[in-house]
file input_35.tsv (TSV, C-alpha atoms)
chain	number	residue	atom	x	y	z
A	1	MET	CA	0.00	0.00	0.00
A	2	MET	CA	1.25	3.47	-0.95
A	3	ALA	CA	0.70	5.82	1.93
A	4	GLY	CA	-0.10	9.50	1.51
A	5	TYR	CA	-0.65	12.14	4.14
A	6	THR	CA	-3.77	11.75	6.24
A	7	LYS	CA	-7.19	12.69	4.84
A	8	SER	CA	-7.40	15.98	6.75
A	9	VAL	CA	-3.94	17.02	5.61
A	10	GLU	CA	-4.68	16.16	2.01
A	11	ARG	CA	-7.95	18.10	2.13
A	12	LEU	CA	-6.15	21.15	3.57
A	13	GLN	CA	-3.52	20.87	0.84
A	14	ALA	CA	-6.27	20.74	-1.79
A	15	GLU	CA	-7.95	23.83	-0.31
A	16	PHE	CA	-4.69	25.79	-0.24
A	17	ALA	CA	-4.00	24.74	-3.84
A	18	LYS	CA	-7.26	26.41	-4.92
A	19	LEU	CA	-5.89	29.82	-3.91
A	20	PRO	CA	-4.48	32.01	-6.67
A	21	GLY	CA	-0.74	31.66	-7.16
A	22	ILE	CA	-0.48	28.65	-4.85
A	23	GLY	CA	0.83	25.54	-6.63
A	24	ALA	CA	0.97	21.98	-5.37
A	25	ARG	CA	4.37	22.42	-3.67
A	26	SER	CA	3.37	25.64	-1.92
A	27	ALA	CA	0.09	24.08	-0.83
A	28	GLU	CA	2.04	21.21	0.74
A	29	ARG	CA	4.37	23.64	2.50
A	30	LEU	CA	1.44	25.68	3.81
A	31	ALA	CA	-0.40	22.58	5.02
A	32	PHE	CA	2.71	21.49	6.94
A	33	HIS	CA	3.09	24.95	8.37
A	34	VAL	CA	-0.47	24.71	9.70
A	35	LEU	CA	0.30	21.24	11.08
A	36	LYS	CA	3.35	22.49	12.96
A	37	ALA	CA	2.00	25.89	13.99
A	38	PRO	CA	0.65	26.40	17.50
A	39	ARG	CA	-3.08	25.66	17.64
A	40	GLU	CA	-4.07	29.30	18.28
A	41	GLU	CA	-2.00	30.62	15.39
A	42	ALA	CA	-3.52	28.19	12.90
A	43	LEU	CA	-7.03	28.80	14.16
A	44	ALA	CA	-6.47	32.57	13.95
A	45	LEU	CA	-6.20	32.19	10.17
A	46	ALA	CA	-9.33	30.03	10.02
A	47	GLU	CA	-11.22	32.60	12.10
A	48	ALA	CA	-9.98	35.53	10.04
A	49	ILE	CA	-11.34	33.84	6.91
A	50	ALA	CA	-14.71	33.17	8.55
A	51	ASP	CA	-14.83	36.73	9.93
A	52	VAL	CA	-14.24	38.29	6.55
A	53	LYS	CA	-17.05	36.23	5.04
A	54	ALA	CA	-19.32	37.12	7.97
A	55	ASN	CA	-18.49	40.82	8.50
A	56	VAL	CA	-17.43	42.39	5.25
A	57	ARG	CA	-20.16	43.64	2.95
A	58	PRO	CA	-20.46	46.39	0.36
A	59	CYS	CA	-21.05	49.94	1.60
A	60	SER	CA	-24.74	50.72	1.02
A	61	VAL	CA	-23.83	53.98	-0.71
A	62	CYS	CA	-20.61	53.44	-2.69
A	63	PHE	CA	-20.06	49.63	-2.63
A	64	ASN	CA	-16.58	49.97	-1.13
A	65	LEU	CA	-15.72	47.25	1.41
A	66	ALA	CA	-17.45	47.97	4.72
A	67	GLU	CA	-18.14	46.34	8.06
A	68	ASP	CA	-21.06	48.63	8.85
A	69	ARG	CA	-23.82	50.04	6.66
A	70	LEU	CA	-21.42	52.75	5.46
A	71	CYS	CA	-17.73	52.37	4.60
A	72	GLU	CA	-15.09	54.43	6.36
A	73	ILE	CA	-15.04	57.04	3.61
A	74	CYS	CA	-18.81	57.50	3.26
A	75	SER	CA	-19.15	57.81	7.03
A	76	ASP	CA	-16.42	60.49	7.17
A	77	ALA	CA	-18.09	63.92	7.35
A	78	GLY	CA	-14.80	65.49	6.21
A	79	ARG	CA	-15.07	64.04	2.70
A	80	ASP	CA	-16.61	66.10	-0.12
A	81	ALA	CA	-19.78	64.24	-1.14
A	82	GLY	CA	-20.14	66.57	-4.14
A	83	CYS	CA	-17.31	64.88	-6.01
A	84	ILE	CA	-17.64	61.16	-6.83
A	85	CYS	CA	-14.68	59.20	-8.15
A	86	VAL	CA	-15.88	56.08	-10.00
A	87	VAL	CA	-13.53	53.06	-9.79
A	88	GLU	CA	-13.82	49.47	-10.94
A	89	GLN	CA	-12.89	47.73	-7.71
A	90	PRO	CA	-12.02	48.41	-4.03
A	91	LYS	CA	-8.32	47.86	-4.78
A	92	ASP	CA	-8.32	50.78	-7.21
A	93	LEU	CA	-9.96	52.94	-4.55
A	94	LEU	CA	-7.22	52.13	-2.09
A	95	SER	CA	-4.48	52.88	-4.63
A	96	LEU	CA	-5.99	56.31	-5.22
A	97	GLU	CA	-6.41	56.91	-1.47
A	98	VAL	CA	-2.73	56.24	-0.90
A	99	THR	CA	-1.89	59.37	-2.96
A	100	GLY	CA	-3.75	61.49	-0.38
A	101	VAL	CA	-4.71	63.87	-3.24
A	102	PHE	CA	-8.45	63.18	-3.38
A	103	SER	CA	-10.87	64.39	-0.71
A	104	GLY	CA	-14.15	63.44	-2.40
A	105	VAL	CA	-16.07	60.17	-2.18
A	106	TYR	CA	-16.07	57.07	-4.36
A	107	HIS	CA	-18.36	54.75	-6.25
A	108	VAL	CA	-17.18	51.19	-6.82
A	109	LEU	CA	-18.59	49.62	-10.01
A	110	MET	CA	-17.62	46.09	-8.95
A	111	GLY	CA	-16.10	45.28	-12.32
A	112	GLN	CA	-15.98	46.52	-15.88
A	113	ILE	CA	-18.33	45.94	-18.81
A	114	ALA	CA	-17.10	42.78	-20.52
A	115	PRO	CA	-19.82	41.07	-22.58
A	116	LEU	CA	-17.45	38.25	-23.54
A	117	ASP	CA	-17.08	37.40	-19.84
A	118	GLY	CA	-20.82	37.76	-19.35
A	119	VAL	CA	-20.54	41.10	-17.50
A	120	GLU	CA	-23.25	43.46	-18.78
A	121	PRO	CA	-23.81	47.05	-17.56
A	122	GLU	CA	-26.66	45.89	-15.33
A	123	ASP	CA	-24.23	43.59	-13.46
A	124	LEU	CA	-22.32	46.66	-12.28
A	125	THR	CA	-23.48	49.31	-9.82
A	126	ILE	CA	-24.15	51.90	-12.55
A	127	ASP	CA	-27.85	52.28	-11.70
A	128	GLN	CA	-26.91	53.06	-8.11
A	129	LEU	CA	-24.38	55.67	-9.33
A	130	LEU	CA	-27.07	57.36	-11.43
A	131	ALA	CA	-29.41	57.34	-8.42
A	132	ARG	CA	-26.76	59.11	-6.34
A	133	VAL	CA	-26.32	61.79	-9.01
A	134	ARG	CA	-30.09	62.12	-9.46
A	135	LYS	CA	-30.48	62.87	-5.75
A	136	GLY	CA	-28.57	66.11	-6.35
A	137	GLY	CA	-25.61	67.76	-4.66
A	138	VAL	CA	-23.07	66.12	-6.98
A	139	ARG	CA	-20.91	68.63	-8.88
A	140	GLU	CA	-18.42	66.30	-10.52
A	141	VAL	CA	-18.10	62.63	-11.47
A	142	ILE	CA	-14.51	61.52	-12.09
A	143	LEU	CA	-14.32	58.34	-14.18
A	144	ALA	CA	-11.33	56.40	-12.88
A	145	THR	CA	-11.79	53.14	-14.78
A	146	ASN	CA	-8.65	51.43	-16.06
A	147	PRO	CA	-6.94	52.78	-19.19
A	148	THR	CA	-7.84	49.65	-21.15
A	149	VAL	CA	-10.42	48.83	-23.81
A	150	ALA	CA	-12.86	47.40	-21.25
A	151	GLY	CA	-12.24	50.32	-18.88
A	152	ASP	CA	-12.88	52.84	-21.67
A	153	VAL	CA	-16.04	51.03	-22.80
A	154	THR	CA	-17.29	51.16	-19.21
A	155	ALA	CA	-16.47	54.87	-18.89
A	156	LEU	CA	-18.17	55.75	-22.19
A	157	HIS	CA	-21.27	53.80	-21.21
A	158	ILE	CA	-21.49	55.81	-17.98
A	159	VAL	CA	-20.98	59.11	-19.84
A	160	GLU	CA	-23.94	58.24	-22.10
A	161	ARG	CA	-26.14	57.33	-19.15
A	162	LEU	CA	-25.22	60.55	-17.28
A	163	LYS	CA	-26.33	62.71	-20.24
A	164	ASP	CA	-30.00	62.28	-19.32
A	165	LEU	CA	-29.41	63.63	-15.82
A	166	PRO	CA	-29.24	67.18	-14.41
A	167	SER	CA	-25.97	68.69	-15.55
A	168	VAL	CA	-22.93	67.41	-13.70
A	169	LYS	CA	-19.30	67.80	-14.73
A	170	VAL	CA	-17.87	64.48	-15.94
A	171	THR	CA	-14.09	64.05	-16.07
A	172	ARG	CA	-11.68	61.16	-16.44
A	173	LEU	CA	-8.16	60.58	-15.17
A	174	ALA	CA	-5.39	62.10	-17.28
A	175	ARG	CA	-3.48	59.94	-19.76
A	176	GLY	CA	0.09	60.43	-20.88
A	177	LEU	CA	3.63	59.42	-20.10
A	178	PRO	CA	3.99	57.69	-16.74
A	179	VAL	CA	6.38	59.57	-14.44
A	180	GLY	CA	9.73	57.81	-14.52
A	181	GLY	CA	9.00	56.22	-17.90
A	182	SER	CA	10.87	57.03	-21.09
A	183	ILE	CA	9.70	58.14	-24.52
A	184	GLU	CA	12.03	55.64	-26.16
A	185	TYR	CA	10.34	52.68	-24.51
A	186	SER	CA	6.75	53.97	-24.42
A	187	ASN	CA	4.36	52.26	-26.81
A	188	GLN	CA	2.34	53.92	-29.54
A	189	SER	CA	-0.83	54.24	-27.44
A	190	ILE	CA	0.96	56.01	-24.60
A	191	LEU	CA	2.66	58.44	-26.99
A	192	THR	CA	-0.61	59.08	-28.86
A	193	ASP	CA	-2.27	59.98	-25.55
A	194	ALA	CA	0.70	62.11	-24.54
A	195	LEU	CA	0.53	64.10	-27.77
A	196	ASN	CA	-3.25	64.45	-27.88
A	197	GLU	CA	-3.49	65.55	-24.26
A	198	ARG	CA	-0.45	67.85	-24.30
A	199	ARG	CA	-0.71	70.83	-21.99
A	200	GLU	CA	0.25	74.43	-22.52
A	201	LEU	CA	3.03	75.62	-20.24
B	202	MET	CA	-8.36	60.53	6.77
B	203	MET	CA	-6.46	57.81	4.92
B	204	ALA	CA	-8.69	54.81	4.47
B	205	GLY	CA	-7.40	51.24	4.44
B	206	TYR	CA	-9.31	48.04	3.92
B	207	THR	CA	-11.75	47.11	6.66
B	208	LYS	CA	-10.51	45.65	9.94
B	209	SER	CA	-11.52	42.08	9.08
B	210	VAL	CA	-9.79	42.26	5.72
B	211	GLU	CA	-6.63	43.70	7.24
B	212	ARG	CA	-6.59	40.98	9.89
B	213	LEU	CA	-6.99	38.29	7.24
B	214	GLN	CA	-4.16	39.85	5.22
B	215	ALA	CA	-1.95	39.85	8.33
B	216	GLU	CA	-2.74	36.18	9.01
B	217	PHE	CA	-1.95	35.17	5.42
B	218	ALA	CA	1.30	37.14	5.59
B	219	LYS	CA	2.42	34.99	8.53
B	220	LEU	CA	2.47	31.90	6.28
B	221	PRO	CA	5.84	30.85	4.88
B	222	GLY	CA	6.63	32.26	1.44
B	223	ILE	CA	3.64	34.64	1.50
B	224	GLY	CA	4.69	38.29	1.25
B	225	ALA	CA	2.55	41.39	1.70
B	226	ARG	CA	1.41	41.49	-1.94
B	227	SER	CA	0.47	37.81	-2.00
B	228	ALA	CA	-1.35	38.17	1.31
B	229	GLU	CA	-3.39	41.01	-0.16
B	230	ARG	CA	-4.20	38.95	-3.25
B	231	LEU	CA	-5.24	35.97	-1.11
B	232	ALA	CA	-7.41	38.13	1.15
B	233	PHE	CA	-9.19	39.54	-1.90
B	234	HIS	CA	-9.63	36.07	-3.28
B	235	VAL	CA	-11.36	35.05	-0.04
B	236	LEU	CA	-13.51	38.19	-0.21
B	237	LYS	CA	-14.65	37.39	-3.74
B	238	ALA	CA	-14.89	33.61	-3.38
B	239	PRO	CA	-18.26	31.99	-2.77
B	240	ARG	CA	-18.98	31.67	0.94
B	241	GLU	CA	-18.76	27.86	0.97
B	242	GLU	CA	-15.45	27.83	-0.85
B	243	ALA	CA	-13.84	30.28	1.59
B	244	LEU	CA	-15.25	28.50	4.61
B	245	ALA	CA	-14.01	25.16	3.25
B	246	LEU	CA	-10.45	26.44	3.70
B	247	ALA	CA	-11.21	27.69	7.22
B	248	GLU	CA	-12.74	24.31	8.12
B	249	ALA	CA	-9.87	22.36	6.59
B	250	ILE	CA	-7.45	24.29	8.81
B	251	ALA	CA	-9.54	23.67	11.91
B	252	ASP	CA	-9.96	19.99	11.00
B	253	VAL	CA	-6.24	19.44	10.65
B	254	LYS	CA	-5.63	20.99	14.06
B	255	ALA	CA	-8.44	18.89	15.56
B	256	ASN	CA	-7.89	15.51	13.84
B	257	VAL	CA	-4.24	15.06	13.02
B	258	ARG	CA	-1.96	13.69	15.72
B	259	PRO	CA	1.23	11.65	15.83
B	260	CYS	CA	0.91	7.87	15.39
B	261	SER	CA	1.31	6.34	18.85
B	262	VAL	CA	3.94	3.91	17.54
B	263	CYS	CA	5.99	5.70	14.88
B	264	PHE	CA	4.98	9.40	15.19
B	265	ASN	CA	3.97	9.63	11.54
B	266	LEU	CA	0.89	11.81	10.91
B	267	ALA	CA	-2.25	9.91	11.86
B	268	GLU	CA	-5.96	10.50	12.35
B	269	ASP	CA	-6.37	7.39	14.52
B	270	ARG	CA	-4.17	5.88	17.22
B	271	LEU	CA	-2.07	4.22	14.48
B	272	CYS	CA	-0.98	5.74	11.17
B	273	GLU	CA	-1.87	4.06	7.87
B	274	ILE	CA	1.48	2.30	7.70
B	275	CYS	CA	1.58	0.97	11.27
B	276	SER	CA	-1.99	-0.30	10.92
B	277	ASP	CA	-1.13	-2.13	7.67
B	278	ALA	CA	-0.54	-5.83	8.48
B	279	GLY	CA	1.29	-6.19	5.16
B	280	ARG	CA	4.24	-4.06	6.32
B	281	ASP	CA	7.33	-5.72	7.79
B	282	ALA	CA	7.49	-4.55	11.42
B	283	GLY	CA	10.94	-6.12	11.74
B	284	CYS	CA	12.58	-3.37	9.69
B	285	ILE	CA	12.33	0.21	10.98
B	286	CYS	CA	13.38	3.12	8.78
B	287	VAL	CA	14.19	6.18	10.94
B	288	VAL	CA	13.41	9.55	9.33
B	289	GLU	CA	13.51	13.11	10.58
B	290	GLN	CA	10.03	14.21	9.55
B	291	PRO	CA	6.78	12.94	7.97
B	292	LYS	CA	7.71	14.59	4.65
B	293	ASP	CA	10.84	12.42	4.40
B	294	LEU	CA	8.71	9.35	5.06
B	295	LEU	CA	6.40	10.24	2.21
B	296	SER	CA	9.30	10.84	-0.19
B	297	LEU	CA	10.65	7.38	0.61
B	298	GLU	CA	7.18	5.81	0.26
B	299	VAL	CA	6.82	7.25	-3.22
B	300	THR	CA	9.71	5.04	-4.38
B	301	GLY	CA	7.64	1.96	-3.49
B	302	VAL	CA	10.90	0.17	-2.64
B	303	PHE	CA	10.49	-0.11	1.14
B	304	SER	CA	8.03	-2.50	2.75
B	305	GLY	CA	9.05	-2.07	6.39
B	306	VAL	CA	7.77	0.45	8.93
B	307	TYR	CA	9.02	3.87	9.99
B	308	HIS	CA	9.99	5.89	13.02
B	309	VAL	CA	9.69	9.67	12.76
B	310	LEU	CA	12.17	11.52	14.99
B	311	MET	CA	10.32	14.83	14.67
B	312	GLY	CA	13.48	16.79	13.93
B	313	GLN	CA	17.23	16.52	14.10
B	314	ILE	CA	19.64	17.14	16.95
B	315	ALA	CA	20.55	20.83	16.74
B	316	PRO	CA	21.80	22.21	20.06
B	317	LEU	CA	22.21	25.71	18.56
B	318	ASP	CA	18.47	25.74	17.81
B	319	GLY	CA	17.72	24.31	21.25
B	320	VAL	CA	16.87	20.82	19.95
B	321	GLU	CA	18.45	18.20	22.24
B	322	PRO	CA	18.22	14.41	21.78
B	323	GLU	CA	15.48	14.24	24.42
B	324	ASP	CA	13.30	16.56	22.29
B	325	LEU	CA	13.19	13.90	19.58
B	326	THR	CA	11.44	10.53	19.73
B	327	ILE	CA	14.67	8.58	20.23
B	328	ASP	CA	13.59	7.04	23.57
B	329	GLN	CA	10.46	5.72	21.90
B	330	LEU	CA	12.58	4.22	19.10
B	331	LEU	CA	14.77	2.44	21.64
B	332	ALA	CA	11.65	1.15	23.40
B	333	ARG	CA	10.39	-0.31	20.10
B	334	VAL	CA	13.71	-2.07	19.52
B	335	ARG	CA	13.87	-3.26	23.12
B	336	LYS	CA	10.47	-4.94	22.75
B	337	GLY	CA	12.09	-7.35	20.29
B	338	GLY	CA	11.22	-8.53	16.80
B	339	VAL	CA	13.24	-5.79	15.11
B	340	ARG	CA	15.94	-7.14	12.78
B	341	GLU	CA	17.15	-3.92	11.18
B	342	VAL	CA	17.13	-0.19	11.84
B	343	ILE	CA	17.77	1.93	8.72
B	344	LEU	CA	18.94	5.44	9.58
B	345	ALA	CA	17.45	7.75	6.93
B	346	THR	CA	18.38	11.10	8.43
B	347	ASN	CA	19.44	13.84	6.01
B	348	PRO	CA	22.99	13.76	4.56
B	349	THR	CA	23.91	16.93	6.45
B	350	VAL	CA	26.00	17.65	9.55
B	351	ALA	CA	22.92	17.75	11.79
B	352	GLY	CA	21.49	14.62	10.16
B	353	ASP	CA	24.77	12.76	10.66
B	354	VAL	CA	25.05	13.91	14.28
B	355	THR	CA	21.53	12.61	14.87
B	356	ALA	CA	22.29	9.27	13.20
B	357	LEU	CA	25.53	8.80	15.17
B	358	HIS	CA	23.76	9.58	18.43
B	359	ILE	CA	21.18	6.89	17.66
B	360	VAL	CA	23.91	4.38	16.74
B	361	GLU	CA	25.54	4.97	20.15
B	362	ARG	CA	22.26	4.53	21.99
B	363	LEU	CA	21.41	1.33	20.08
B	364	LYS	CA	24.70	-0.26	21.12
B	365	ASP	CA	23.37	-1.02	24.60
B	366	LEU	CA	20.43	-2.97	23.18
B	367	PRO	CA	20.02	-6.58	22.02
B	368	SER	CA	21.84	-6.87	18.73
B	369	VAL	CA	20.05	-5.34	15.78
B	370	LYS	CA	21.52	-4.56	12.37
B	371	VAL	CA	21.94	-0.80	11.92
B	372	THR	CA	22.32	0.62	8.40
B	373	ARG	CA	22.11	4.01	6.79
B	374	LEU	CA	21.08	5.20	3.32
B	375	ALA	CA	23.81	4.99	0.64
B	376	ARG	CA	25.79	8.10	-0.31
B	377	GLY	CA	27.33	8.85	-3.66
B	378	LEU	CA	26.66	10.52	-6.96
B	379	PRO	CA	23.01	11.41	-7.47
B	380	VAL	CA	21.55	9.73	-10.56
B	381	GLY	CA	21.46	12.28	-13.37
B	382	GLY	CA	24.19	14.40	-11.76
B	383	SER	CA	27.64	14.93	-13.20
B	384	ILE	CA	31.11	14.37	-11.80
B	385	GLU	CA	32.23	17.72	-13.21
B	386	TYR	CA	29.69	19.66	-11.16
B	387	SER	CA	29.62	17.49	-8.03
B	388	ASN	CA	31.19	19.04	-4.97
B	389	GLN	CA	34.06	17.61	-2.95
B	390	SER	CA	31.83	15.99	-0.33
B	391	ILE	CA	29.78	14.12	-2.91
B	392	LEU	CA	32.89	12.87	-4.70
B	393	THR	CA	34.53	11.85	-1.41
B	394	ASP	CA	31.44	9.78	-0.54
B	395	ALA	CA	31.32	8.33	-4.05
B	396	LEU	CA	34.96	7.20	-3.81
B	397	ASN	CA	34.77	5.90	-0.25
B	398	GLU	CA	31.58	3.94	-0.83
B	399	ARG	CA	32.53	2.61	-4.27
B	400	ARG	CA	31.11	-0.80	-5.08
B	401	GLU	CA	32.68	-3.76	-6.75
B	402	LEU	CA	31.09	-4.71	-10.08
call {"tool": "encode", "arguments": {"input": "input_35.tsv", "output": "structure tokens"}}
result
Amino acid sequence: MMAGYTKSVERLQAEFAKLPGIGARSAERLAFHVLKAPREEALALAEAIADVKANVRPCSVCFNLAEDRLCEICSDAGRDAGCICVVEQPKDLLSLEVTGVFSGVYHVLMGQIAPLDGVEPEDLTIDQLLARVRKGGVREVILATNPTVAGDVTALHIVERLKDLPSVKVTRLARGLPVGGSIEYSNQSILTDALNERREL
Amino acid sequence: MMAGYTKSVERLQAEFAKLPGIGARSAERLAFHVLKAPREEALALAEAIADVKANVRPCSVCFNLAEDRLCEICSDAGRDAGCICVVEQPKDLLSLEVTGVFSGVYHVLMGQIAPLDGVEPEDLTIDQLLARVRKGGVREVILATNPTVAGDVTALHIVERLKDLPSVKVTRLARGLPVGGSIEYSNQSILTDALNERREL
């Protein structure tokens, strides 16, 4: 008889192997780490997973990650609710927050329009964005979708939908050369953007 | 105010980051995977961790991983209990099992003697190995510790301890050139072993 690890260990290995970027060898290493780790330490990971599934939900206003009805940003009276920055996912929101440049609020679309992947506009939180704008008090909507085909399609769709609403300024993030990049190694699309959006000095 | 992820998400990220080989970026990716994953899938990982901590224990005879009193190998009547292969850890046991060459039983030391890391002989399962041999019925003990200084120290210590017991044949795994290796790129220690343990054809 060829022996393997025990059933519980093999199941844990299989579960770890389902995680992104975790191959069979890493899954084995992680399972053994759990085996050797003090009971409390291993269970802390199990509890953290269960807690996230139990506690984290979308903010009822902007769909950012939240543990209460409102996320930390929407519940912050210091943020300018008149300026909404529209992002695809919570990770994008955090990247923008790290700059410390933006003091408005956000709206998380929860994806991008991608018909080939079965993601239609109604699968995103676009209706909820329009409802926020319709309520009034919004001066500007900044479209901060990714600078990709799908991101642009999503942004254009939102621009069209916003046209029927009371006038609100709609902007999108600037495109051009990335700081630290070089003209020599920039591709055609970057250089086209850089030329078309050139600024007067 | 600079927003981060929610408390639960940050805690999960921190727990993932404690795992071996998981850096901050991977921990973030894993935490987001758990966030997005279906509830059952995420909880399956949490349960698998808890199950391993609850169900897996050392075999009462050989200290291999087991879910019952005896591991799969010790409870297999087809294995030759007269030949004990001594390994450092359960992983080594499994590597040897994969060869399909060995039909005896094992004894897992649960480490190697390493005074600098605070591991003394009494921290390993050497006393239990001696007790097994003392019981009788054991013809051969194969020392399959790693071919390293600490592995050799551990093996020599066991050889000394076995000397006081009723005669039993003590062997160790062969050393020499690894199949597929080359003489040109083998280091001095490998070549020394290969010369010293040369076999007559």
call {"tool": "atom_distance", "arguments": {"input": "input_35.tsv", "atom1": "atom CA of Tyr386 of chain B", "atom2": "atom CA of Glu289 of chain B"}}
result
27.9 Å
call {"tool": "atom_distance", "arguments": {"input": "input_35.tsv", "atom1": "atom CA of Ser75 of chain A", "atom2": "atom CA of Arg139 of chain A"}}
result
19.3 Å
call {"tool": "interface_residues", "arguments": {"input": "input_35.tsv", "of": "chain B", "to": "chain A", "cutoff": "7 Å", "atoms": "all atoms listed in the file", "output": "number ranges by chain"}}
result
B: 203-207, 209-210, 212-213, 216, 220-221, 231, 236, 240, 243-244, 246-254, 266-268, 273-274, 295, 298
call {"tool": "residues_around", "arguments": {"input": "input_35.tsv", "residues": "segment 360-368 of chain B", "least_positions_apart": "4", "cutoff": "9 Å", "atoms": "only C-alpha atoms", "output": "MDAnalysis selection string"}}
result
chainID B and resid 327 331 334:335 337 340 344 355:356
call {"tool": "residues_around", "arguments": {"input": "input_35.tsv", "residues": "Val350 of chain B", "least_positions_apart": "4", "cutoff": "12 Å", "atoms": "all atoms listed in the file", "output": "ChimeraX atom specification"}}
result
/B:313-315,346,354-357,390
call {"tool": "atom_distance", "arguments": {"input": "input_35.tsv", "atom1": "atom CA of Thr171 of chain A", "atom2": "atom CA of Ile183 of chain A"}}
result
25.9 Å
call {"tool": "axis_aligned_box", "arguments": {"input": "input_35.tsv", "around": "segment 306-323 of chain B", "padding_each_side": "3 Å", "output": "JSON"}}
result
{"center_x": 15.0, "center_y": 13.1, "center_z": 16.7, "size_x": 20.4, "size_y": 31.3, "size_z": 21.5}
call {"tool": "closest_residue", "arguments": {"input": "input_35.tsv", "among": "B:Ser387, B:Cys275, B:Val339, B:Pro316", "to": "Pro259 of chain B", "atoms": "all atoms listed in the file"}}
result
B:Cys275
call {"tool": "closest_atom_pairs", "arguments": {"input": "input_35.tsv", "of": "segment 63-94 of chain A", "to": "segment 106-111 of chain A", "cutoff": "6 Å", "atoms": "all atoms listed in the file", "output": "tab-separated table"}}
result
residue	atom	partner	partner_atom	distance
A:Phe63	CA	A:Val108	CA	5.3
A:Asn64	CA	A:Val108	CA	5.9
A:Ile84	CA	A:Tyr106	CA	5.0
A:Cys85	CA	A:Tyr106	CA	4.6
A:Val86	CA	A:His107	CA	4.7
A:Val87	CA	A:Val108	CA	5.1
A:Glu88	CA	A:Leu109	CA	4.9
A:Gln89	CA	A:Met110	CA	5.2
call {"tool": "closest_residue", "arguments": {"input": "input_35.tsv", "among": "A:Val119, A:Ala24, A:Ile190, A:Ala81", "to": "Thr148 of chain A", "atoms": "only C-alpha atoms"}}
result
A:Ile190
